[in-house]
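*Asks:* Dropping in entry05.cif, which is mmCIF, C-alpha atoms:
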data_structure
#
loop_
_atom_site.label_atom_id
_atom_site.label_comp_id
_atom_site.auth_asym_id
_atom_site.auth_seq_id
_atom_site.Cartn_x
_atom_site.Cartn_y
_atom_site.Cartn_z
CA MET A 1 0.00 0.00 0.00
CA ILE A 2 1.37 3.40 -0.94
CA ILE A 3 0.44 6.52 1.02
CA ASN A 4 0.86 9.74 -0.89
CA HIS A 5 2.29 12.08 1.75
CA PRO A 6 1.19 15.70 1.14
CA HIS A 7 4.76 16.98 1.65
CA LEU A 8 7.02 14.07 0.80
CA GLY A 9 5.26 12.27 -2.03
CA PRO A 10 4.46 8.57 -2.32
CA ARG A 11 5.76 6.49 0.58
CA ASP A 12 5.43 2.84 1.41
CA ALA A 13 2.96 1.95 4.16
CA SER A 14 5.75 0.15 6.06
CA GLU A 15 7.11 3.57 7.04
CA PHE A 16 3.87 4.34 8.90
CA THR A 17 2.07 3.09 11.96
CA ILE A 18 -1.70 3.22 12.25
CA LEU A 19 -3.53 4.54 15.29
CA GLY A 20 -7.13 4.08 14.17
CA ASP A 21 -10.31 6.01 13.49
CA ALA A 22 -9.68 9.69 12.71
CA SER A 23 -12.52 10.65 15.08
CA LEU A 24 -9.87 10.36 17.83
CA ILE A 25 -8.88 13.92 16.89
CA ASN A 26 -12.18 15.17 18.30
CA ARG A 27 -11.55 14.70 22.00
CA PRO A 28 -14.69 15.60 23.98
CA ASP A 29 -14.84 18.49 26.41
CA TRP A 30 -14.22 17.01 29.88
CA GLN A 31 -16.23 19.80 31.52
CA ALA A 32 -19.36 19.21 29.46
CA ARG A 33 -22.47 17.88 31.24
CA ASP A 34 -22.53 14.76 29.10
CA ALA A 35 -18.76 14.18 29.44
CA ASP A 36 -19.29 10.64 30.80
CA ASP A 37 -21.21 9.47 27.75
CA ALA A 38 -19.06 11.45 25.35
CA PHE A 39 -15.87 9.87 26.68
CA TYR A 40 -17.43 6.40 26.64
CA ASN A 41 -18.27 6.90 22.97
CA TYR A 42 -14.87 8.42 22.25
CA GLN A 43 -13.00 5.61 23.92
CA TYR A 44 -14.95 2.47 23.03
CA LEU A 45 -17.43 2.95 20.23
CA ARG A 46 -16.07 2.66 16.71
CA ASP A 47 -17.67 2.40 13.33
CA ASN A 48 -16.44 -0.53 11.31
CA PRO A 49 -17.46 0.37 7.78
CA ALA A 50 -16.98 -1.73 4.69
CA GLY A 51 -15.97 1.12 2.44
CA LEU A 52 -14.53 4.57 3.08
CA HIS A 53 -12.81 5.00 6.42
CA ARG A 54 -10.84 7.92 7.79
CA GLU A 55 -7.83 6.84 9.80
CA LEU A 56 -4.93 8.40 11.71
CA TRP A 57 -1.51 7.31 10.49
CA PHE A 58 1.86 8.31 11.95
CA HIS A 59 4.88 8.69 9.67
CA GLU A 60 7.29 7.11 12.11
CA GLN A 61 10.12 6.34 9.68
CA GLY A 62 9.69 9.68 7.99
CA ASP A 63 8.96 13.21 9.08
CA ARG A 64 7.02 12.17 12.22
CA SER A 65 3.85 13.74 10.96
CA TRP A 66 0.30 12.62 11.75
CA LEU A 67 -1.86 12.07 8.70
CA VAL A 68 -5.55 11.53 8.12
CA VAL A 69 -5.77 8.85 5.45
CA THR A 70 -9.12 8.17 3.79
CA ARG A 71 -9.03 4.56 2.73
CA ASP A 72 -11.43 2.06 1.23
CA THR A 73 -11.40 -0.89 3.62
CA VAL A 74 -12.74 -3.18 0.91
CA THR A 75 -10.18 -2.48 -1.80
CA HIS A 76 -7.39 -0.89 0.32
CA ALA A 77 -7.33 1.98 -2.14
CA VAL A 78 -6.11 5.23 -0.60
CA ILE A 79 -8.53 7.98 -1.59
CA ALA A 80 -7.16 11.05 0.19
CA VAL A 81 -4.29 12.01 2.49
CA ALA A 82 -4.08 15.19 4.56
CA LEU A 83 -2.02 16.46 7.49
CA ALA A 84 -3.92 15.85 10.73
CA SER A 85 -2.75 19.25 12.01
CA ASP A 86 -4.41 20.96 9.03
CA ILE A 87 -7.68 19.10 9.66
CA ALA A 88 -7.62 19.91 13.37
CA LYS A 89 -6.93 23.59 12.60
CA ALA A 90 -9.78 23.70 10.07
CA ALA A 91 -12.14 22.11 12.61
CA LYS A 92 -11.10 24.65 15.23
CA ALA A 93 -11.73 27.53 12.82
CA LYS A 94 -15.19 26.09 12.08
CA THR A 95 -16.18 25.89 15.75
CA ALA A 96 -14.80 29.39 16.28
CA GLN A 97 -17.09 30.58 13.47
CA LYS A 98 -20.04 28.87 15.12
CA THR A 99 -19.37 30.47 18.49
CA ALA A 100 -18.57 33.88 17.00
CA PRO A 101 -22.25 35.02 16.55
CA LYS A 102 -22.88 34.22 20.23
CA LYS A 103 -20.12 36.62 21.22
CA VAL A 104 -21.71 39.35 19.09
CA ALA A 105 -25.04 38.60 20.77
CA ALA A 106 -23.40 38.85 24.17
CA LYS A 107 -21.93 42.22 23.20
CA LYS A 108 -25.36 43.39 22.07
CA THR A 109 -26.98 42.43 25.39
CA ALA A 110 -24.15 44.16 27.21
CA ALA A 111 -24.76 47.27 25.13
CA LYS A 112 -28.49 47.06 25.87
CA LYS A 113 -27.81 46.75 29.58
CA ALA A 114 -25.53 49.80 29.39
CA VAL A 115 -28.32 51.77 27.68
CA ILE A 116 -30.82 50.67 30.37
CA LYS A 117 -28.35 51.72 33.07
CA ARG A 118 -27.85 55.12 31.43
CA ASN A 119 -31.58 55.63 31.13
CA ALA A 120 -32.05 54.68 34.77
CA THR A 121 -29.56 57.30 35.92
CA MET B 122 44.48 0.00 54.20
CA ALA B 123 45.58 -0.38 50.61
CA LYS B 124 47.20 2.61 49.16
CA SER B 125 45.24 4.13 46.34
CA ALA B 126 47.09 4.72 43.12
CA PRO B 127 48.53 8.23 42.97
CA MET B 128 46.56 10.61 40.81
CA SER B 129 48.44 11.56 37.69
CA LYS B 130 49.14 15.25 37.39
CA THR B 131 47.85 15.61 33.84
CA PRO B 132 44.26 14.55 33.17
CA PRO B 133 43.91 11.71 30.67
CA SER B 134 43.45 13.11 27.21
CA LEU B 135 40.41 11.97 25.26
CA THR B 136 40.38 11.64 21.50
CA ALA B 137 37.16 11.75 19.55
CA GLN B 138 36.48 8.66 17.46
CA SER B 139 34.21 8.56 14.48
CA PRO B 140 31.45 5.89 14.52
CA LEU B 141 33.18 3.69 11.93
CA GLY B 142 36.77 4.82 12.47
CA GLY B 143 37.00 6.58 9.11
CA TYR B 144 35.74 3.66 7.00
CA GLU B 145 36.71 3.60 3.34
CA MET B 146 35.87 1.09 0.64
CA ILE B 147 36.44 1.61 -3.05
CA THR B 148 35.48 -1.10 -5.47
CA GLY B 149 34.29 -1.35 -9.05
CA GLY B 150 34.33 2.40 -9.57
CA THR B 151 32.09 2.95 -6.58
CA SER B 152 33.18 4.23 -3.21
CA LEU B 153 31.80 4.24 0.28
CA ILE B 154 33.57 6.68 2.57
CA GLU B 155 32.72 7.79 6.08
CA ILE B 156 32.55 11.55 6.50
CA THR B 157 34.06 12.54 9.80
CA SER B 158 34.64 16.26 9.51
CA LEU B 159 31.07 17.55 9.83
CA SER B 160 29.26 19.08 12.76
CA MET B 161 25.50 18.52 12.88
CA VAL B 162 23.12 20.72 14.79
CA SER B 163 19.37 20.18 14.75
CA VAL B 164 17.41 23.40 14.40
CA ALA B 165 13.71 23.75 15.15
CA PRO B 166 12.15 27.21 14.96
CA LEU B 167 10.07 27.94 18.05
CA ALA B 168 6.37 28.68 17.57
CA GLY B 169 5.89 31.82 15.50
CA SER B 170 9.49 31.93 14.24
CA GLN B 171 9.11 29.79 11.12
CA THR B 172 8.89 32.71 8.70
CA ALA B 173 11.87 34.51 10.24
CA PHE B 174 13.86 31.29 10.00
CA GLN B 175 12.93 30.68 6.38
CA THR B 176 13.81 34.22 5.30
CA ALA B 177 17.13 34.03 7.15
CA MET B 178 17.95 30.69 5.53
CA ALA B 179 17.04 31.99 2.07
CA LYS B 180 19.51 34.80 2.72
CA LEU B 181 22.24 32.55 4.17
CA PHE B 182 22.02 30.09 1.29
CA LYS B 183 21.28 32.78 -1.31
CA THR B 184 18.21 31.05 -2.67
CA GLY B 185 16.07 34.16 -2.74
CA LYS B 186 16.51 35.29 -6.31
CA ASN B 187 17.06 32.10 -8.28
CA GLY B 188 15.54 28.75 -7.56
CA SER B 189 13.50 27.92 -4.53
CA PRO B 190 12.78 31.03 -2.48
CA LYS B 191 12.40 29.16 0.79
CA PRO B 192 13.75 25.93 2.22
CA LYS B 193 11.49 23.05 1.19
CA ALA B 194 10.51 19.87 3.00
CA THR B 195 12.37 17.68 0.52
CA MET B 196 15.36 19.73 -0.59
CA ALA B 197 18.64 20.46 1.14
CA LEU B 198 20.24 23.86 0.74
CA ASP B 199 23.95 23.99 0.10
CA ARG B 200 26.28 26.95 0.38
CA SER B 201 28.81 26.37 -2.37
CA GLY B 202 32.49 26.75 -1.59
CA LYS B 203 34.37 26.16 1.63
CA PRO B 204 33.79 25.70 4.47
CA ARG B 205 30.82 23.50 3.68
CA CYS B 206 27.43 24.42 5.06
CA ILE B 207 24.31 22.40 4.36
CA LEU B 208 20.76 22.68 5.64
CA MET B 209 18.84 19.41 5.45
CA PRO B 210 15.14 19.02 6.19
CA SER B 211 14.59 16.18 8.67
CA ALA B 212 11.01 16.47 9.87
CA GLN B 213 8.19 18.98 9.90
CA ASN B 214 9.61 22.28 11.06
CA HIS B 215 12.89 20.57 11.94
CA TRP B 216 16.22 20.88 10.17
CA PHE B 217 19.80 19.69 10.34
CA LEU B 218 22.47 22.31 9.90
CA CYS B 219 25.70 20.58 8.85
CA PHE B 220 28.99 22.41 8.55
CA ASP B 221 32.71 21.73 8.62
CA ASP B 222 33.99 21.22 12.14
CA ASP B 223 36.60 23.86 12.91
CA GLY B 224 37.09 22.85 16.52
CA THR B 225 34.65 25.33 18.03
CA ASN B 226 31.58 24.20 19.94
CA PRO B 227 29.03 23.21 17.26
CA ILE B 228 26.22 25.13 18.98
CA ASP B 229 28.32 28.30 19.04
CA ALA B 230 29.21 27.78 15.39
CA ALA B 231 25.53 27.30 14.50
CA LYS B 232 24.60 30.41 16.44
CA ALA B 233 27.23 32.34 14.48
CA LEU B 234 25.70 31.10 11.22
CA LEU B 235 22.13 31.95 12.21
CA GLY B 236 22.90 35.25 13.86
CA LYS B 237 22.32 36.29 17.46
CA SER B 238 18.70 37.35 17.35
CA LEU B 239 17.51 34.46 15.21
CA SER B 240 19.29 31.78 17.25
CA LYS B 241 17.29 32.90 20.27
CA GLN B 242 14.14 31.85 18.41
CA MET B 243 15.47 28.36 17.67
CA ALA B 244 15.63 25.14 19.62
CA MET B 245 19.08 23.76 18.84
CA THR B 246 20.77 20.50 19.78
CA ASP B 247 24.28 19.39 18.95
CA GLN B 248 23.95 15.98 17.30
CA SER B 249 27.41 15.80 15.73
CA ASP B 250 28.42 12.64 17.57
CA SER B 251 25.06 10.92 17.21
CA TRP B 252 25.10 10.20 13.50
CA VAL B 253 27.23 8.26 11.08
CA ILE B 254 27.54 9.84 7.63
CA LEU B 255 28.56 7.67 4.70
CA ALA B 256 29.19 9.08 1.24
CA LEU B 257 28.24 6.62 -1.47
CA SER B 258 29.37 7.68 -4.90
CA GLY B 259 30.25 6.34 -8.27
CA PHE B 260 28.86 4.41 -11.18
CA TYR B 261 27.09 1.63 -9.26
CA SER B 262 25.84 3.67 -6.30
CA ARG B 263 22.24 3.50 -7.51
CA GLN B 264 22.55 -0.26 -7.76
CA THR B 265 23.61 -0.36 -4.13
CA LEU B 266 20.63 1.78 -3.15
CA ALA B 267 18.23 -0.30 -5.22
CA ARG B 268 18.48 -3.08 -2.65
CA ILE B 269 18.31 -1.10 0.58
CA CYS B 270 16.59 2.22 -0.11
CA PRO B 271 12.79 2.22 -0.54
CA ILE B 272 12.87 5.63 -2.22
CA ASP B 273 13.28 6.11 -5.96
CA CYS B 274 16.88 7.31 -6.39
CA SER B 275 16.88 7.68 -10.15
CA ALA B 276 18.21 10.95 -11.54
CA SER B 277 14.77 12.20 -12.57
CA ALA B 278 13.00 11.31 -9.33
CA MET B 279 15.82 12.54 -7.10
CA PRO B 280 17.48 15.70 -8.38
CA ILE B 281 20.58 17.01 -6.60
CA GLY B 282 19.71 18.20 -3.11
CA THR B 283 16.72 15.91 -2.58
CA THR B 284 16.66 14.74 1.01
CA ALA B 285 14.40 12.11 2.53
CA ARG B 286 14.07 10.04 5.62
CA ALA B 287 13.87 6.37 4.82
CA SER B 288 14.05 3.05 6.54
CA MET B 289 16.92 0.93 5.25
CA GLU B 290 16.84 -2.68 6.43
CA HIS B 291 14.70 -1.46 9.35
CA LEU B 292 17.24 1.18 10.36
CA GLY B 293 16.06 4.76 10.31
CA ALA B 294 18.17 6.69 7.83
CA ILE B 295 18.36 9.93 5.94
CA ILE B 296 19.41 10.00 2.31
CA THR B 297 20.45 13.15 0.51
CA ARG B 298 21.74 13.49 -3.03
CA ARG B 299 24.92 15.54 -3.20
CA PRO B 300 26.34 17.35 -6.22
CA ASP B 301 27.78 14.96 -8.80
CA GLU B 302 31.42 14.05 -8.63
CA GLY B 303 33.94 13.96 -11.49
CA ASP B 304 32.68 12.28 -14.69
CA HIS B 305 29.12 13.14 -13.65
CA GLN B 306 28.94 10.24 -11.23
CA PRO B 307 26.15 10.50 -8.66
CA CYS B 308 26.91 10.95 -4.99
CA PHE B 309 24.63 10.25 -2.03
CA TRP B 310 25.07 10.76 1.66
CA LEU B 311 23.51 8.19 3.92
CA LEU B 312 22.99 9.12 7.56
CA SER B 313 21.98 6.81 10.35
CA ALA B 314 22.26 6.49 14.11
CA ARG B 315 25.73 6.12 15.54
CA SER B 316 24.68 3.32 17.87
CA SER B 317 23.77 1.04 14.96
CA ALA B 318 26.43 2.32 12.56
CA ALA B 319 28.06 -1.08 12.17
CA SER B 320 24.74 -2.73 11.25
CA PHE B 321 24.02 0.08 8.83
CA LEU B 322 27.39 -0.41 7.16
CA HIS B 323 26.73 -4.16 7.03
CA ALA B 324 23.45 -3.47 5.23
CA ILE B 325 25.13 -1.25 2.65
CA ILE B 326 28.12 -3.44 1.89
CA GLY B 327 25.83 -6.44 1.57
CA SER B 328 24.71 -4.87 -1.70
CA PRO B 329 26.44 -4.80 -5.07
CA PRO B 330 29.06 -3.82 -6.10
CA PHE B 331 30.53 -4.20 -2.61
CA ARG B 332 29.29 -7.75 -2.53
CA ASN B 333 28.56 -9.69 -5.69
#
Let me see the file written as C-alpha cells.
*Replies:*
Amino acid sequence: MIINHPHLGPRDASEFTILGDASLINRPDWQARDADDAFYNYQYLRDNPAGLHRELWFHEQGDRSWLVVTRDTVTHAVIAVALASDIAKAAKAKTAQKTAPKKVAAKKTAAKKAVIKRNAT
Amino acid sequence: MAKSAPMSKTPPSLTAQSPLGGYEMITGGTSLIEITSLSMVSVAPLAGSQTAFQTAMAKLFKTGKNGSPKPKATMALDRSGKPRCILMPSAQNHWFLCFDDDGTNPIDAAKALLGKSLSKQMAMTDQSDSWVILALSGFYSRQTLARICPIDCSASAMPIGTTARASMEHLGAIITRRPDEGDHQPCFWLLSARSSAASFLHAIIGSPPFRN
C-alpha cells in the first residue's frame, strides 16, 4: 500500500504506523455535562465500515507527521491524504465561526444593559 | 588499608572517534567513505518563528533570487564553496544544519551562522556525535541503493539536493543526493544512528558492487 504524503510524495505503508479512526482527533470536552457518555463513545465505540474510512496514520520512519488517510477498507485503495494538524486547525476555525455570533449577541446584550443603566440614571 | 594509586598530574586526554573509524571502501568504480569532519546541529524554529527562520535561511544560502525562495521539505540547501554548510530538512519544522567542524563548539558555530537574534528563536541540539555519515558515490551507487533504499533514487525522481528520511533494512536513515562528482557520477550521503552504525554499514556493503 502506498500513502501519498502531502509533503514528501508517495511512501510505502511500512514507514507508517496506524492509530485508528480519525474521530480520535475530536476529544470531547471534559467539563461538558454529558462528558461521561461522550468519553465512553470516544473511547470504546467505533464504526467498522466496509468502504470509506478515515484513519490516523503516523509517519514514524519519515517526518514524524500525523496524517488523516481516507481509505477504502474493501479495496485498500487510498482515496485522500491530509495532514492531521491541518484538519484539526480547520475544525477549530469552524467551531470558532459557530461560536462567534454568540459573542456578538453577548456584546449586544451588554450594550443594551448599558443603555438601560444610562436611562435609569 | 591499601594505598590508592597516585593521581596523575595531567588529566587523561580523550580523543574523539568517528562511529566507523573513518571507514573507506572503493570497489568497481564505486566508493563508500565515512565523513568525519562535519558538525551537525538540529534546528527547530520555536512557535511563531518559522517565517523569520525561512527568510534568514534563504539569505544565508542565497536562494532568494534564483531557484526555490524558501527551504522546502524535501530539498537540502547547500552553500557552495568552503567551508561546507548544508541545511537538510529532517522532519516537519525541523532541520539539520551541517557544517565543517573547525574545533569550536558546534552550537556556538551554528549560532554564528544563524545570527544572534535568530538563534534565540530556535531550539538547537548538537547531534554531531550521534550520527554516522557515509558518502556513497560512483557508477554503481544507484545499484547499491536499489536493494536497501525504498525511495526512488533515479536521476529524474531525485534531483541534486533531494533529502528524505527512509528506513533501510529497518534502520532509520536519511538519504540526501549531493552534487555529482567527477565524470558526472552520482553521490549520495547516507545518515543513520551512531549506535547502529556497524549494522548500517553491514546493510550497505551487503549490496552490489561491494558484494557480488
*Asks:* Nearest to chain B: which of A:Ala91, A:Leu52, A:Leu45, A:Leu83 is it, counting only C-alpha atoms?
*Replies:*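 When distances to chain B are compared using only C-alpha atoms, the smallest one comes from A:Leu83.
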*Asks:* On this structure, the PyMOL selection byres ((chain B) within 10 of (chain A)) would catch which residues? List them as a ChimeraX atom specification, sorted by chain and number.
*Replies:* /B:193-195,210-215,271-273,284-289,291-295
*Asks:* With the file shown as input, list the residues that the PyMOL selection byres ((chain B and resi 275) around 12) selects, as an MDAnalysis selection string.
*Replies:* chainID B and resid 261:264 266:267 270:274 276:281 283 298 307:309
*Asks:* Just how far from CA of Pro300 (chain B) is CA of Ser258 (chain B), in Å to one decimal?
*Replies:*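 So the answer is 10.2 Å.
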*Asks:* Residues at most 10 Å from Thr73 (chain A), counting all atoms listed in the file, excluding those fewer than 5 positions away in the same chain, as a PyMOL selection string?
*Replies:* chain A and resi 48-54+78
*Asks:* I'd like to know which of A:His76, A:Arg71, A:Arg27, A:Lys94 is closest to Gln43 (chain A), using all atoms listed in the file.
*Replies:*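 Among A:His76, A:Arg71, A:Arg27, A:Lys94, it is A:Arg27 that comes nearest to Gln43 (chain A).
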*Asks:* Once 6 Å is added on each side, what centre and edge lengths in Å to one decimal does the axis-aligned box around all listed atoms of region 203-208 of chain B have, as lines of an AutoDock Vina configuration file?
*Replies:*
center_x = 27.6
center_y = 24.3
center_z = 3.6
size_x = 25.6
size_y = 15.8
size_z = 16.0
*Asks:* With the file shown as input, list the residues that the PyMOL selection byres ((chain B and resi 217) around 12) selects, as a PyMOL selection string.
*Replies:* chain B and resi 159-166+192+194+196-199+206-216+218-220+231+244-249+252+284+295+297+312
*Asks:* Considering only C-alpha atoms, state which residue in the set B:Ala230, B:Leu135, B:Leu141, B:Met146 is at the smallest distance from Ala314 (chain B).
*Replies:*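 Of the candidates, the smallest distance to Ala314 (chain B) is held by B:Leu141.
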*Asks:* Got a sec: who's within 9 Å of Pro28 (chain A), counting all atoms listed in the file, leaving out chain neighbours fewer than 4 positions off, as an NGL selection string?
*Replies:* :A and (32 or 35 or 38-39 or 42)
*Asks:* List as a PyMOL selection string the protein and nucleic acid residues near Ser158 (chain B), meaning an atom at most 9 Å away when only C-alpha atoms are counted, but skip any in the same chain fewer than 4 places from it.
*Replies:* chain B and resi 220-223
*Asks:* As JSON, numbers by chain, please: the residues near Ile25 (chain A) (cut-off 10 Å, only C-alpha atoms, same-chain neighbours under 4 positions excluded).
*Replies:* {"A": [21, 42, 56, 68, 84, 85, 87, 88, 91]}
*Asks:* So how far away is CA of Asp34 (chain A) from CA of Thr99 (chain A), in Å?
*Replies:*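 It comes out at 19.2 Å.
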*Asks:* Which distance in Å separates CA of Val253 (chain B) and CA of Leu234 (chain B), to one decimal?
*Replies:*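 So the answer is 22.9 Å.
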*Asks:* Between A:Leu67, A:Asp47, A:Asp36, A:Ile3, single out the one closest to Leu19 (chain A), counting all atoms listed in the file.
*Replies:* A:Leu67
*Asks:* My list of candidates is A:Phe16, A:Tyr44, A:Asp29, A:Thr75. Which is closest to Asn4 (chain A) when distances are computed with only C-alpha atoms?
*Replies:*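 Counting only C-alpha atoms, the residue closest to Asn4 (chain A) is A:Phe16.
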*Asks:* Of the candidates A:Ala93, A:Ala77, A:Ala100, A:Val69, which shows the shortest atom-to-atom distance to Ile18 (chain A), using all atoms listed in the file?
*Replies:*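 Closest to Ile18 (chain A), using all atoms listed in the file: A:Val69.
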